[in-house]
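Novice: I am sharing input_7.cif, which consists of mmCIF, C-alpha atoms and all ligand atoms:
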data_run
#
loop_
_atom_site.label_atom_id
_atom_site.label_comp_id
_atom_site.auth_asym_id
_atom_site.auth_seq_id
_atom_site.Cartn_x
_atom_site.Cartn_y
_atom_site.Cartn_z
CA MET G 1 1.27 -48.04 10.64
CA THR G 2 1.57 -44.90 12.78
CA LYS G 3 -1.37 -44.08 14.99
CA LEU G 4 -2.20 -41.04 17.05
CA LEU G 5 -5.11 -41.01 19.49
CA VAL G 6 -6.32 -37.61 20.69
CA LYS G 7 -8.30 -38.47 23.82
CA GLY G 8 -11.02 -36.70 25.71
CA GLY G 9 -10.84 -33.26 24.10
CA ARG G 10 -13.76 -31.03 23.17
CA VAL G 11 -13.84 -31.73 19.45
CA ILE G 12 -15.28 -28.80 17.49
CA ASP G 13 -15.71 -29.49 13.78
CA PRO G 14 -18.25 -26.96 12.50
CA ALA G 15 -18.40 -28.47 9.00
CA ASN G 16 -19.72 -31.71 10.47
CA GLY G 17 -21.79 -30.11 13.23
CA ILE G 18 -19.64 -31.72 15.94
CA ASP G 19 -19.11 -30.13 19.35
CA GLU G 20 -18.61 -32.94 21.82
CA VAL G 21 -16.10 -34.40 24.26
CA ILE G 22 -14.95 -37.26 22.11
CA ASP G 23 -11.80 -39.05 20.79
CA LEU G 24 -10.08 -38.74 17.46
CA LEU G 25 -7.91 -41.40 15.84
CA VAL G 26 -5.33 -40.67 13.15
CA THR G 27 -3.88 -43.52 11.13
CA ASP G 28 -1.03 -42.93 8.70
CA GLY G 29 -1.75 -39.23 8.45
CA ILE G 30 -5.46 -39.68 7.78
CA ILE G 31 -8.41 -39.10 10.12
CA ALA G 32 -9.60 -42.64 10.79
CA ALA G 33 -12.28 -42.17 13.45
CA VAL G 34 -14.04 -39.52 15.52
CA ASP G 35 -15.96 -41.31 18.22
CA LYS G 36 -16.55 -41.99 21.91
CA ASN G 37 -14.04 -44.16 23.78
CA ILE G 38 -11.85 -45.16 20.86
CA LYS G 39 -9.44 -47.91 21.88
CA ALA G 40 -6.32 -48.38 19.78
CA ALA G 41 -2.64 -49.13 20.21
CA ALA G 42 -1.46 -45.62 19.45
CA GLU G 43 0.51 -42.66 20.74
CA VAL G 44 -2.01 -41.02 23.05
CA ILE G 45 -2.46 -37.27 23.42
CA ASP G 46 -4.41 -36.34 26.52
CA ALA G 47 -6.71 -33.53 25.37
CA ALA G 48 -8.87 -33.25 28.50
CA GLY G 49 -9.89 -29.63 28.94
CA LEU G 50 -8.60 -28.72 25.48
CA ILE G 51 -10.32 -27.76 22.22
CA VAL G 52 -9.58 -30.08 19.30
CA CYS G 53 -10.45 -28.63 15.91
CA PRO G 54 -9.53 -28.86 12.24
CA GLY G 55 -6.13 -27.36 11.45
CA LEU G 56 -6.45 -23.59 11.18
CA VAL G 57 -6.37 -22.03 7.72
CA ASP G 58 -4.92 -18.55 7.07
CA ILE G 59 -5.68 -17.28 3.60
CA HIS G 60 -3.60 -14.09 3.91
CA THR G 61 0.09 -14.46 4.79
CA HIS G 62 3.24 -12.77 3.52
CA LEU G 63 6.12 -15.25 3.39
CA ARG G 64 8.46 -12.77 1.62
CA GLU G 65 10.36 -15.49 -0.28
CA PRO G 66 11.67 -15.02 -2.93
CA GLY G 67 13.43 -11.71 -2.57
CA TYR G 68 12.88 -10.48 0.97
CA GLU G 69 14.35 -13.36 2.93
CA TYR G 70 15.76 -10.85 5.41
CA LYS G 71 12.14 -10.23 6.51
CA GLU G 72 10.89 -13.84 6.37
CA ASP G 73 11.36 -16.98 4.33
CA ILE G 74 9.26 -20.03 3.74
CA ALA G 75 11.07 -22.03 6.42
CA SER G 76 10.64 -19.37 9.13
CA GLY G 77 7.14 -18.30 8.04
CA THR G 78 5.74 -21.82 8.00
CA ARG G 79 7.30 -22.47 11.43
CA ALA G 80 5.62 -19.31 12.70
CA ALA G 81 2.36 -20.64 11.24
CA ALA G 82 2.72 -24.01 12.96
CA ALA G 83 3.68 -22.42 16.28
CA GLY G 84 0.57 -20.26 15.93
CA GLY G 85 -1.75 -23.23 15.28
CA PHE G 86 -2.07 -22.87 11.48
CA THR G 87 -1.74 -25.96 9.30
CA THR G 88 -2.53 -24.28 5.97
CA ILE G 89 -1.53 -20.83 4.74
CA CYS G 90 -1.90 -18.94 1.48
CA CYS G 91 0.96 -16.62 0.64
CA MET G 92 0.64 -13.30 -1.11
CA PRO G 93 2.53 -12.43 -4.30
CA ASN G 94 4.30 -9.20 -3.27
CA THR G 95 7.68 -10.90 -3.37
CA LYS G 96 10.73 -10.12 -5.57
CA PRO G 97 10.18 -11.26 -8.26
CA VAL G 98 6.43 -10.88 -7.88
CA ILE G 99 4.46 -14.13 -8.18
CA ASP G 100 3.10 -13.00 -11.55
CA ASN G 101 4.30 -16.00 -13.56
CA GLY G 102 4.16 -19.77 -13.34
CA ALA G 103 7.87 -20.23 -12.64
CA THR G 104 7.81 -18.11 -9.48
CA ALA G 105 4.62 -19.81 -8.25
CA SER G 106 6.25 -23.21 -8.86
CA PHE G 107 9.36 -22.04 -7.01
CA VAL G 108 7.25 -21.12 -3.97
CA ARG G 109 5.48 -24.48 -3.99
CA GLU G 110 8.73 -26.36 -4.35
CA ARG G 111 10.39 -24.39 -1.55
CA ALA G 112 7.34 -24.99 0.64
CA ARG G 113 7.56 -28.72 -0.05
CA LYS G 114 11.25 -28.77 0.85
CA SER G 115 11.58 -26.28 3.70
CA GLY G 116 8.00 -25.73 4.88
CA VAL G 117 6.27 -27.44 7.79
CA VAL G 118 2.65 -26.61 6.93
CA ASN G 119 0.59 -26.67 3.73
CA VAL G 120 1.30 -23.64 1.53
CA TYR G 121 -0.79 -22.40 -1.40
CA PRO G 122 0.52 -19.47 -3.44
CA VAL G 123 -1.66 -16.56 -4.49
CA GLY G 124 -0.67 -15.11 -7.87
CA ALA G 125 -0.72 -11.46 -8.85
CA ILE G 126 -3.64 -9.86 -10.68
CA THR G 127 -1.33 -7.65 -12.74
CA GLN G 128 2.22 -7.92 -13.99
CA GLN G 129 4.66 -6.62 -11.35
CA GLN G 130 1.54 -5.69 -9.34
CA GLU G 131 1.62 -2.43 -11.25
CA GLY G 132 -2.11 -2.39 -11.89
CA LYS G 133 -1.68 -2.04 -15.65
CA ARG G 134 -1.51 -5.32 -17.57
CA LEU G 135 -3.08 -8.58 -16.42
CA ALA G 136 -0.73 -11.32 -15.23
CA PRO G 137 -0.99 -14.65 -17.11
CA ILE G 138 -3.77 -15.96 -14.89
CA ALA G 139 -4.16 -19.36 -16.61
CA GLU G 140 -0.43 -19.97 -16.19
CA LEU G 141 -0.66 -19.05 -12.50
CA ILE G 142 -3.52 -21.49 -12.00
CA ALA G 143 -1.62 -24.24 -13.80
CA ALA G 144 1.29 -23.60 -11.42
CA GLY G 145 -0.96 -24.09 -8.38
CA CYS G 146 -2.17 -20.60 -7.48
CA VAL G 147 -5.51 -20.71 -5.67
CA ALA G 148 -6.45 -17.05 -6.24
CA VAL G 149 -5.07 -13.81 -7.60
CA SER G 150 -4.40 -10.61 -5.69
CA ASP G 151 -2.31 -7.45 -5.93
CA ASP G 152 -2.36 -7.27 -2.13
CA GLY G 153 -0.27 -4.45 -0.77
CA GLN G 154 -1.29 -2.50 -3.87
CA ALA G 155 -4.76 -1.51 -4.99
CA VAL G 156 -5.78 -2.09 -8.59
CA MET G 157 -6.72 1.53 -9.20
CA SER G 158 -7.97 1.12 -12.76
CA SER G 159 -11.58 -0.05 -12.78
CA GLU G 160 -11.08 -1.26 -16.34
CA VAL G 161 -8.17 -3.52 -15.34
CA MET G 162 -10.16 -4.83 -12.37
CA LYS G 163 -13.17 -5.53 -14.59
CA ASN G 164 -10.99 -7.44 -17.05
CA ALA G 165 -9.37 -9.39 -14.21
CA LEU G 166 -12.78 -10.37 -12.85
CA GLU G 167 -14.09 -11.42 -16.25
CA TYR G 168 -11.02 -13.52 -16.86
CA ALA G 169 -10.88 -15.04 -13.37
CA LYS G 170 -14.55 -15.96 -13.62
CA MET G 171 -13.84 -18.27 -16.56
CA TRP G 172 -11.69 -20.31 -14.19
CA GLY G 173 -13.90 -19.97 -11.12
CA LEU G 174 -10.96 -18.20 -9.48
CA PRO G 175 -11.48 -15.75 -6.59
CA VAL G 176 -9.94 -12.29 -6.94
CA LEU G 177 -8.66 -11.04 -3.57
CA SER G 178 -8.92 -7.28 -3.49
CA HIS G 179 -6.81 -4.85 -1.48
CA CYS G 180 -9.28 -1.98 -1.32
CA GLU G 181 -7.57 1.37 -1.07
CA ASP G 182 -8.19 4.48 -3.11
CA LYS G 183 -4.59 5.64 -3.33
CA ASN G 184 -5.62 9.16 -4.32
CA LEU G 185 -7.18 9.47 -0.88
CA SER G 186 -4.70 7.45 1.14
CA HIS G 187 -1.33 8.37 -0.32
CA ASN G 188 1.38 8.99 2.24
CA GLY G 189 -1.16 8.31 5.00
CA GLN G 190 0.24 6.97 8.23
CA MET G 191 -2.79 6.10 10.30
CA ASN G 192 -6.59 6.31 10.38
CA GLU G 193 -7.86 9.80 9.57
CA GLY G 194 -9.78 11.24 12.49
CA TYR G 195 -9.46 12.78 15.92
CA TYR G 196 -6.22 10.94 16.74
CA SER G 197 -4.44 11.68 13.45
CA ILE G 198 -5.00 15.37 14.16
CA LEU G 199 -3.89 15.00 17.76
CA TYR G 200 -0.76 13.05 16.86
CA GLY G 201 0.11 15.15 13.80
CA LEU G 202 0.21 12.24 11.36
CA LYS G 203 -1.33 12.23 7.90
CA GLY G 204 -4.58 10.32 7.89
CA ILE G 205 -5.99 7.55 5.71
CA PRO G 206 -9.75 8.10 5.61
CA ALA G 207 -12.16 5.19 6.00
CA VAL G 208 -13.76 6.16 2.68
CA ALA G 209 -10.51 5.32 0.87
CA GLU G 210 -11.45 1.71 1.69
CA ASP G 211 -15.22 2.05 1.33
CA ILE G 212 -15.05 3.55 -2.17
CA MET G 213 -13.01 0.64 -3.51
CA VAL G 214 -15.14 -1.97 -1.70
CA SER G 215 -18.14 -0.37 -3.31
CA ARG G 216 -16.50 -0.38 -6.78
CA ASP G 217 -15.47 -4.01 -6.46
CA ILE G 218 -18.95 -5.05 -5.38
CA LEU G 219 -20.41 -3.30 -8.43
CA LEU G 220 -17.88 -5.01 -10.69
CA ALA G 221 -18.61 -8.39 -9.07
CA GLU G 222 -22.31 -7.81 -9.72
CA LEU G 223 -21.63 -6.85 -13.33
CA THR G 224 -19.30 -9.73 -14.12
CA GLY G 225 -20.72 -12.44 -11.84
CA ALA G 226 -17.17 -13.10 -10.63
CA HIS G 227 -16.13 -13.82 -7.05
CA VAL G 228 -14.54 -10.86 -5.31
CA HIS G 229 -13.01 -11.42 -1.90
CA ILE G 230 -12.27 -8.26 0.07
CA CYS G 231 -8.99 -8.47 1.99
CA HIS G 232 -8.52 -7.11 5.53
CA VAL G 233 -11.84 -5.27 5.95
CA SER G 234 -11.38 -2.56 8.57
CA THR G 235 -14.28 -0.08 8.41
CA ARG G 236 -17.94 0.01 9.44
CA GLY G 237 -18.76 1.35 5.98
CA ALA G 238 -17.13 -1.60 4.20
CA VAL G 239 -18.96 -4.07 6.42
CA GLU G 240 -22.29 -2.43 5.67
CA LEU G 241 -21.62 -2.46 1.91
CA ILE G 242 -20.66 -6.14 2.00
CA ARG G 243 -23.70 -7.08 4.10
CA ARG G 244 -25.99 -5.39 1.58
CA ALA G 245 -24.21 -6.97 -1.38
CA LYS G 246 -24.52 -10.44 0.13
CA LYS G 247 -28.24 -9.89 0.69
CA LYS G 248 -28.51 -9.03 -3.01
CA GLY G 249 -26.82 -12.31 -3.91
CA ILE G 250 -23.59 -10.77 -5.24
CA HIS G 251 -20.63 -13.14 -4.99
CA VAL G 252 -18.57 -11.25 -2.44
CA THR G 253 -16.72 -12.63 0.57
CA CYS G 254 -14.37 -10.95 3.03
CA GLU G 255 -11.84 -11.41 5.78
CA VAL G 256 -10.78 -9.43 8.84
CA ALA G 257 -7.44 -9.39 10.64
CA PRO G 258 -7.17 -9.89 14.43
CA HIS G 259 -5.58 -6.46 14.90
CA HIS G 260 -8.53 -4.71 13.25
CA LEU G 261 -10.84 -6.48 15.69
CA THR G 262 -8.94 -5.50 18.79
CA LEU G 263 -6.81 -2.34 18.52
CA THR G 264 -7.84 1.24 17.83
CA ASP G 265 -6.03 4.21 16.32
CA GLU G 266 -5.61 5.68 19.79
CA ILE G 267 -2.57 3.42 20.43
CA VAL G 268 -0.68 5.04 17.57
CA GLY G 269 0.01 7.78 20.15
CA THR G 270 2.90 5.70 21.42
CA TYR G 271 4.48 6.31 17.99
CA ASP G 272 5.44 2.64 18.13
CA THR G 273 5.87 1.79 14.45
CA ASP G 274 4.55 -1.73 15.12
CA THR G 275 1.11 -0.09 15.20
CA LYS G 276 1.56 1.05 11.58
CA VAL G 277 -0.38 -1.19 9.26
CA ASN G 278 -2.35 -0.91 6.06
CA PRO G 279 -5.32 -0.60 6.28
CA PRO G 280 -4.68 1.33 9.49
CA LEU G 281 -6.05 0.57 12.93
CA ARG G 282 -9.46 2.23 13.02
CA THR G 283 -11.89 3.35 15.74
CA GLY G 284 -13.91 1.61 18.43
CA ASN G 285 -16.98 2.26 16.31
CA ASP G 286 -15.45 0.28 13.41
CA ILE G 287 -14.45 -2.54 15.76
CA GLU G 288 -18.03 -2.77 17.02
CA ALA G 289 -19.29 -3.18 13.44
CA LEU G 290 -16.59 -5.74 12.59
CA ILE G 291 -17.40 -7.87 15.63
CA ALA G 292 -21.12 -7.79 14.88
CA ALA G 293 -20.29 -8.88 11.32
CA LEU G 294 -18.34 -11.90 12.60
CA SER G 295 -21.48 -13.33 14.10
CA ASP G 296 -24.06 -12.51 11.41
CA GLY G 297 -22.14 -14.10 8.54
CA THR G 298 -21.09 -10.88 6.82
CA ILE G 299 -17.44 -11.64 7.52
CA ASP G 300 -16.40 -15.04 6.18
CA CYS G 301 -13.10 -15.55 7.90
CA ILE G 302 -10.32 -14.28 10.09
CA ALA G 303 -7.00 -13.94 8.25
CA THR G 304 -3.76 -12.75 9.84
CA ASP G 305 -2.31 -10.52 7.11
CA HIS G 306 0.98 -11.70 8.66
CA ALA G 307 3.37 -8.98 7.42
CA PRO G 308 6.81 -9.54 8.92
CA HIS G 309 9.44 -6.82 8.55
CA ASN G 310 13.12 -6.50 9.43
CA ILE G 311 14.16 -4.24 12.32
CA GLU G 312 15.48 -1.52 9.99
CA SER G 313 12.07 -1.17 8.31
CA LYS G 314 10.42 -0.45 11.66
CA ASP G 315 13.11 1.10 13.88
CA CYS G 316 12.75 4.58 12.38
CA GLU G 317 10.46 7.59 12.30
CA TYR G 318 6.76 6.72 12.02
CA ASN G 319 6.49 8.35 8.59
CA LEU G 320 9.29 6.19 7.21
CA ALA G 321 8.30 2.84 8.72
CA ALA G 322 6.92 -0.06 6.69
CA TYR G 323 3.28 -1.07 7.11
CA GLY G 324 2.56 -4.42 8.69
CA ILE G 325 2.16 -6.62 11.74
CA SER G 326 3.74 -10.03 12.27
CA GLY G 327 0.57 -11.92 13.11
CA LEU G 328 0.82 -15.69 12.78
CA GLU G 329 2.06 -16.38 16.28
CA THR G 330 -0.44 -14.21 18.14
CA ALA G 331 -3.64 -14.61 16.10
CA VAL G 332 -5.14 -17.44 18.16
CA ALA G 333 -4.30 -15.88 21.52
CA VAL G 334 -5.57 -12.47 20.44
CA CYS G 335 -8.87 -13.98 19.25
CA MET G 336 -9.24 -16.23 22.29
CA ASP G 337 -8.42 -13.49 24.77
CA TRP G 338 -10.23 -10.51 23.21
CA LEU G 339 -13.14 -12.22 21.47
CA PHE G 340 -13.85 -15.56 23.16
CA HIS G 341 -13.01 -14.89 26.81
CA THR G 342 -14.91 -11.59 26.69
CA GLY G 343 -18.00 -13.36 25.35
CA LYS G 344 -18.02 -11.35 22.11
CA VAL G 345 -17.76 -14.39 19.82
CA ASN G 346 -18.65 -17.95 20.75
CA ILE G 347 -16.11 -20.68 20.30
CA ASN G 348 -17.96 -22.50 17.51
CA GLN G 349 -18.17 -19.32 15.50
CA LEU G 350 -14.51 -18.53 16.10
CA ILE G 351 -13.40 -22.00 14.97
CA LYS G 352 -15.60 -21.70 11.87
CA LEU G 353 -13.95 -18.37 11.00
CA LEU G 354 -10.52 -19.97 11.25
CA THR G 355 -11.16 -23.33 9.55
CA ILE G 356 -13.98 -24.31 7.22
CA GLN G 357 -14.97 -20.81 6.16
CA PRO G 358 -11.54 -19.61 4.96
CA ALA G 359 -11.10 -22.99 3.23
CA GLU G 360 -14.43 -22.49 1.47
CA VAL G 361 -13.57 -18.95 0.35
CA LEU G 362 -10.62 -20.32 -1.64
CA ARG G 363 -12.22 -23.72 -2.37
CA LEU G 364 -9.47 -25.55 -0.51
CA ASN G 365 -10.26 -29.09 0.46
CA ARG G 366 -9.34 -28.37 4.10
CA GLY G 367 -10.79 -27.17 7.36
CA THR G 368 -12.73 -30.27 8.43
CA LEU G 369 -12.20 -33.42 10.47
CA ASP G 370 -13.90 -35.57 7.83
CA ILE G 371 -13.10 -39.28 8.08
CA GLY G 372 -10.57 -39.97 5.34
CA ALA G 373 -9.30 -36.37 5.24
CA GLU G 374 -5.64 -35.49 5.76
CA ALA G 375 -5.14 -35.23 9.51
CA ASP G 376 -4.53 -31.50 9.95
CA ILE G 377 -5.53 -30.79 13.54
CA THR G 378 -5.10 -27.89 15.94
CA ILE G 379 -5.45 -28.28 19.69
CA ILE G 380 -6.06 -25.11 21.71
CA ASN G 381 -5.74 -24.70 25.45
CA PRO G 382 -8.28 -22.00 26.32
CA GLU G 383 -6.81 -21.52 29.80
CA THR G 384 -3.09 -21.09 29.06
CA LYS G 385 -1.86 -17.61 29.94
CA LYS G 386 1.30 -16.42 28.27
CA GLN G 387 3.02 -13.17 27.53
CA VAL G 388 3.75 -12.17 23.93
CA VAL G 389 7.55 -12.27 23.63
CA PRO G 390 8.51 -11.37 20.04
CA ASN G 391 12.14 -12.39 20.32
CA ARG G 392 10.90 -15.94 20.86
CA PHE G 393 8.92 -15.85 17.57
CA TYR G 394 9.82 -18.29 14.81
CA SER G 395 8.96 -15.48 12.42
CA LYS G 396 11.86 -13.22 11.51
CA GLY G 397 9.41 -10.35 11.97
CA THR G 398 9.16 -9.26 15.60
CA ASN G 399 6.91 -6.35 14.62
CA THR G 400 3.91 -6.76 16.86
CA PRO G 401 1.92 -4.18 18.81
CA TYR G 402 0.90 -6.98 21.21
CA LYS G 403 4.44 -7.34 22.60
CA GLY G 404 4.53 -7.75 26.35
CA MET G 405 0.80 -8.36 26.64
CA MET G 406 -0.45 -11.26 28.73
CA LEU G 407 -3.03 -13.21 26.71
CA LYS G 408 -5.25 -16.16 27.66
CA GLY G 409 -5.93 -19.04 25.26
CA TRP G 410 -3.06 -20.40 23.13
CA PRO G 411 -2.48 -23.18 20.63
CA TYR G 412 -1.28 -26.32 22.42
CA MET G 413 -0.53 -28.56 19.47
CA THR G 414 -0.39 -28.37 15.68
CA ILE G 415 -0.64 -31.60 13.71
CA VAL G 416 -0.02 -31.60 9.95
CA LYS G 417 -0.87 -34.73 7.98
CA GLY G 418 -0.78 -36.74 11.20
CA ARG G 419 2.62 -35.45 12.31
CA ILE G 420 2.97 -33.34 15.46
CA VAL G 421 4.73 -30.22 14.21
CA ALA G 422 4.40 -27.91 17.21
CA ARG G 423 3.69 -28.35 20.90
CA ASP G 424 3.13 -25.42 23.26
CA GLY G 425 4.49 -22.99 20.70
CA ILE G 426 7.69 -24.99 20.15
CA ILE G 427 8.46 -26.58 16.76
CA LEU G 428 9.38 -30.24 17.19
O1 LIG G 501 0.29 -3.61 6.41
C1 LIG G 501 0.42 -4.19 5.35
N1 LIG G 501 1.53 -4.86 5.04
N2 LIG G 501 -0.60 -4.16 4.47
C2 LIG G 501 -0.48 -4.65 3.23
O2 LIG G 501 -1.43 -4.59 2.50
C3 LIG G 501 0.81 -5.23 2.77
C4 LIG G 501 1.59 -5.72 3.91
C5 LIG G 501 3.02 -6.03 3.55
O3 LIG G 501 3.26 -6.70 2.55
O4 LIG G 501 3.92 -5.66 4.32
#
Please go through the file and, once you have read it, give me the structure as structure tokens.
Ligand code: DOR
Specialist:
Amino acid sequence: MTKLLVKGGRVIDPANGIDEVIDLLVTDGIIAAVDKNIKAAAEVIDAAGLIVCPGLVDIHTHLREPGYEYKEDIASGTRAAAAGGFTTICCMPNTKPVIDNGATASFVRERARKSGVVNVYPVGAITQQQEGKRLAPIAELIAAGCVAVSDDGQAVMSSEVMKNALEYAKMWGLPVLSHCEDKNLSHNGQMNEGYYSILYGLKGIPAVAEDIMVSRDILLAELTGAHVHICHVSTRGAVELIRRAKKKGIHVTCEVAPHHLTLTDEIVGTYDTDTKVNPPLRTGNDIEALIAALSDGTIDCIATDHAPHNIESKDCEYNLAAYGISGLETAVAVCMDWLFHTGKVNINQLIKLLTIQPAEVLRLNRGTLDIGAEADITIINPETKKQVVPNRFYSKGTNTPYKGMMLKGWPYMTIVKGRIVARDGIIL
């Protein structure tokens, strides 16, 4: 029997209302006890001064395999997740081939089982080839283990197709994850439309391109009774629409990415293509609304939208660069440094947004330290200060606008099913 005893850490398990300096015992990959002064013959991890919480769950990751292994693959992406404190990730279907059929979804699960180091759940496509025209075989995707459907990276522009998708998904109780972007308004846009897009001479993507589609999807969720989850919310307008919809009892949830909580469109002035992301970095006014929505329950979870790219896709003119930020390895530090240490979000709330709440959005049986649950545990050292050094990432994508920044509060250890997978950012 293998035993692991995590001793003297501040255990925060929001699902069970625990926030206490206490011990945690893992036996054979299962959480066996959470109690004071546990005594057991076990490998001991001294967690004094550290935060011990359920393994972090990221419901929005791009693993790029199959098809774009030069950007990321399941081996490198899951190592990036573990180094970043995540024990469970859900991967988006914009691969080649697209995850729009059972065989590709099964391939991803099989590869994750063989080469992955964290739990991986595939997200299937809403439409075939993510073209927004014909529905993908959703029942087949579910049978192959998909936990949701999404055309992420592409908006489903046809309201009729989206309505059909919602009606169909509802029969299975399946969430539809919506990338909200009115492409007629956003096309060829490089950054947020506003003062800085004019100043920098780049074509803008207006906030309403997002708000219009959020509004449409809320109306369709109300009509169909289906569950719509809004991906990477980035505008004040979207937050206000979602808050109102929730008050009305419409089944809508949403996520926000760390970069949309911390960086504004002003930094695009460096013309560093690592600041190019979709939806684009917005304004301080949007950030204020997003942070308020983290604490009042409007935003359900933080998700990385980890979008790794190869050098060639980013080392070019701003107009030609790919959209996306490699986010798995900086998410915790960005949130700890910019949200927790500044007093903007309390630690219990932050842990909730990274564990039980994302798990609940996709109905994953994860995100708690329940006795008898698989022992997925993340330990965070709130005091560690480290610089972001992309060429030390496990991700193949070094595209991060946080490069060189000194951040405070990093994952110390990632434990998956009772096995220590990462320590101090190093995969074991
Ligand atoms: O910036 C982004 N990158 N936004 C998306 O929606 C897609 C993603 C990607 O796949 O690179």
Novice: How close does each residue of region 326-361 of chain G get to region 60-80 of chain G, giving the shortest atom pair and distance in Å to one decimal for every residue with an atom at most 12 Å away, counting all atoms listed in the file, sorted by chain and residue number, as CSV?
Specialist:
residue,atom,partner,partner_atom,distance
G:Ser326,CA,G:His62,CA,9.2
G:Gly327,CA,G:Thr61,CA,8.7
G:Leu328,CA,G:Ala80,CA,6.0
G:Glu329,CA,G:Ala80,CA,5.8
G:Thr330,CA,G:Ala80,CA,9.6
G:Ala331,CA,G:Ala80,CA,10.9
G:Leu354,CA,G:His60,CA,11.7
G:Pro358,CA,G:His60,CA,9.7
G:Ala359,CA,G:His60,CA,11.7
G:Val361,CA,G:His60,CA,11.6
Novice: Can you write just those residues out, C-alpha atoms, as a short mmCIF file (atom, residue, chain, number, x, y, z; two decimals), keeping the file's coordinate frame?
Specialist:
data_model
loop_
_atom_site.label_atom_id
_atom_site.label_comp_id
_atom_site.auth_asym_id
_atom_site.auth_seq_id
_atom_site.Cartn_x
_atom_site.Cartn_y
_atom_site.Cartn_z
CA SER G 326 3.74 -10.03 12.27
CA GLY G 327 0.57 -11.92 13.11
CA LEU G 328 0.82 -15.69 12.78
CA GLU G 329 2.06 -16.38 16.28
CA THR G 330 -0.44 -14.21 18.14
CA ALA G 331 -3.64 -14.61 16.10
CA LEU G 354 -10.52 -19.97 11.25
CA PRO G 358 -11.54 -19.61 4.96
CA ALA G 359 -11.10 -22.99 3.23
CA VAL G 361 -13.57 -18.95 0.35
#
Novice: Please determine, counting all atoms listed in the file, which residue among G:Ile142, G:Ile267, G:Val26, G:Leu166 has the shortest atom-to-atom distance to Asp370 (chain G).
Specialist: G:Val26
Novice: Please find the residues contacting ligand LIG 501 (chain G) at a distance of at most 9 Å between atoms, with all atoms listed in the file counted, and report them as a PyMOL selection string.
Specialist: chain G and resi 61-62+64+92-95+151-155+179+231-232+276-280+305-309+322-325
Novice: Extract, using all atoms listed in the file, all DNA, RNA and protein residues at most 9 Å from Ile138 (chain G), discarding same-chain residues fewer than 5 positions from it, and format them as a list in words.
Specialist: Asp100, Asn101, Gly102, Gly124, Ala125, Ile126, Thr127, Ala143, Cys146, Val149, Ala165, Tyr168 and Ala169 of chain G
Novice: Would you mind listing what lies within 7 Å of region 246-253 of chain G as a PyMOL selection string, with all atoms listed in the file counted and same-chain residues fewer than 5 positions away left out?
Specialist: chain G and resi 218+221-222+225-230+300
Novice: Go through G:Thr262, G:Asn184, G:Ala245, G:Ile415 and flag the residue nearest Leu428 (chain G), using only C-alpha atoms for the distances.
Specialist: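 Using only C-alpha atoms, the shortest distance to Leu428 (chain G) belongs to G:Ile415.
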Novice: Up to 10 Å from (9.9, 2.9, 15.2) in the file's coordinates: name the residues, counting only C-alpha atoms, as a list in words.
Specialist: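 The distance filter leaves exactly Thr270, Tyr271, Asp272, Thr273, Asp274, Thr275, Lys276, Ile311, Glu312, Ser313, Lys314, Asp315, Cys316, Glu317, Tyr318, Asn319, Leu320, Ala321, Ala322 and Asn399 of chain G.
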Novice: Draw an axis-aligned box over all listed atoms of region 373-377 of chain G, pad each side with 5 Å, and write its centre and edge lengths in Å, one decimal, as AutoDock Vina command-line options.
Specialist:
--center_x -6.9 --center_y -33.6 --center_z 9.4 --size_x 14.8 --size_y 15.6 --size_z 18.3
Novice: Take region 40-46 of chain G from the block and save it with N, CA, C and O atoms, as an mmCIF file, in the first residue's frame.
Specialist:
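Contents of result_9.cif, freshly written:
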data_model
loop_
_atom_site.group_PDB
_atom_site.id
_atom_site.type_symbol
_atom_site.label_atom_id
_atom_site.label_comp_id
_atom_site.auth_asym_id
_atom_site.auth_seq_id
_atom_site.Cartn_x
_atom_site.Cartn_y
_atom_site.Cartn_z
ATOM 1 N N ALA G 40 0.639 8.254 10.409
ATOM 2 C CA ALA G 40 0.640 7.082 9.529
ATOM 3 C C ALA G 40 2.055 6.861 9.025
ATOM 4 O O ALA G 40 2.834 7.806 8.914
ATOM 5 N N ALA G 41 2.390 5.606 8.761
ATOM 6 C CA ALA G 41 3.680 5.306 8.149
ATOM 7 C C ALA G 41 3.545 5.621 6.672
ATOM 8 O O ALA G 41 2.952 4.847 5.917
ATOM 9 N N ALA G 42 4.027 6.795 6.271
ATOM 10 C CA ALA G 42 3.792 7.247 4.904
ATOM 11 C C ALA G 42 4.912 8.179 4.475
ATOM 12 O O ALA G 42 5.675 8.671 5.318
ATOM 13 N N GLU G 43 5.009 8.413 3.171
ATOM 14 C CA GLU G 43 5.911 9.457 2.679
ATOM 15 C C GLU G 43 5.301 10.797 3.099
ATOM 16 O O GLU G 43 4.133 11.071 2.802
ATOM 17 N N VAL G 44 6.086 11.595 3.811
ATOM 18 C CA VAL G 44 5.516 12.831 4.366
ATOM 19 C C VAL G 44 5.912 14.035 3.494
ATOM 20 O O VAL G 44 7.069 14.178 3.101
ATOM 21 N N ILE G 45 4.921 14.863 3.215
ATOM 22 C CA ILE G 45 5.183 16.127 2.521
ATOM 23 C C ILE G 45 4.910 17.244 3.508
ATOM 24 O O ILE G 45 3.787 17.366 4.014
ATOM 25 N N ASP G 46 5.939 18.012 3.812
ATOM 26 C CA ASP G 46 5.778 19.114 4.759
ATOM 27 C C ASP G 46 5.112 20.284 4.025
ATOM 28 O O ASP G 46 5.717 20.889 3.145
#
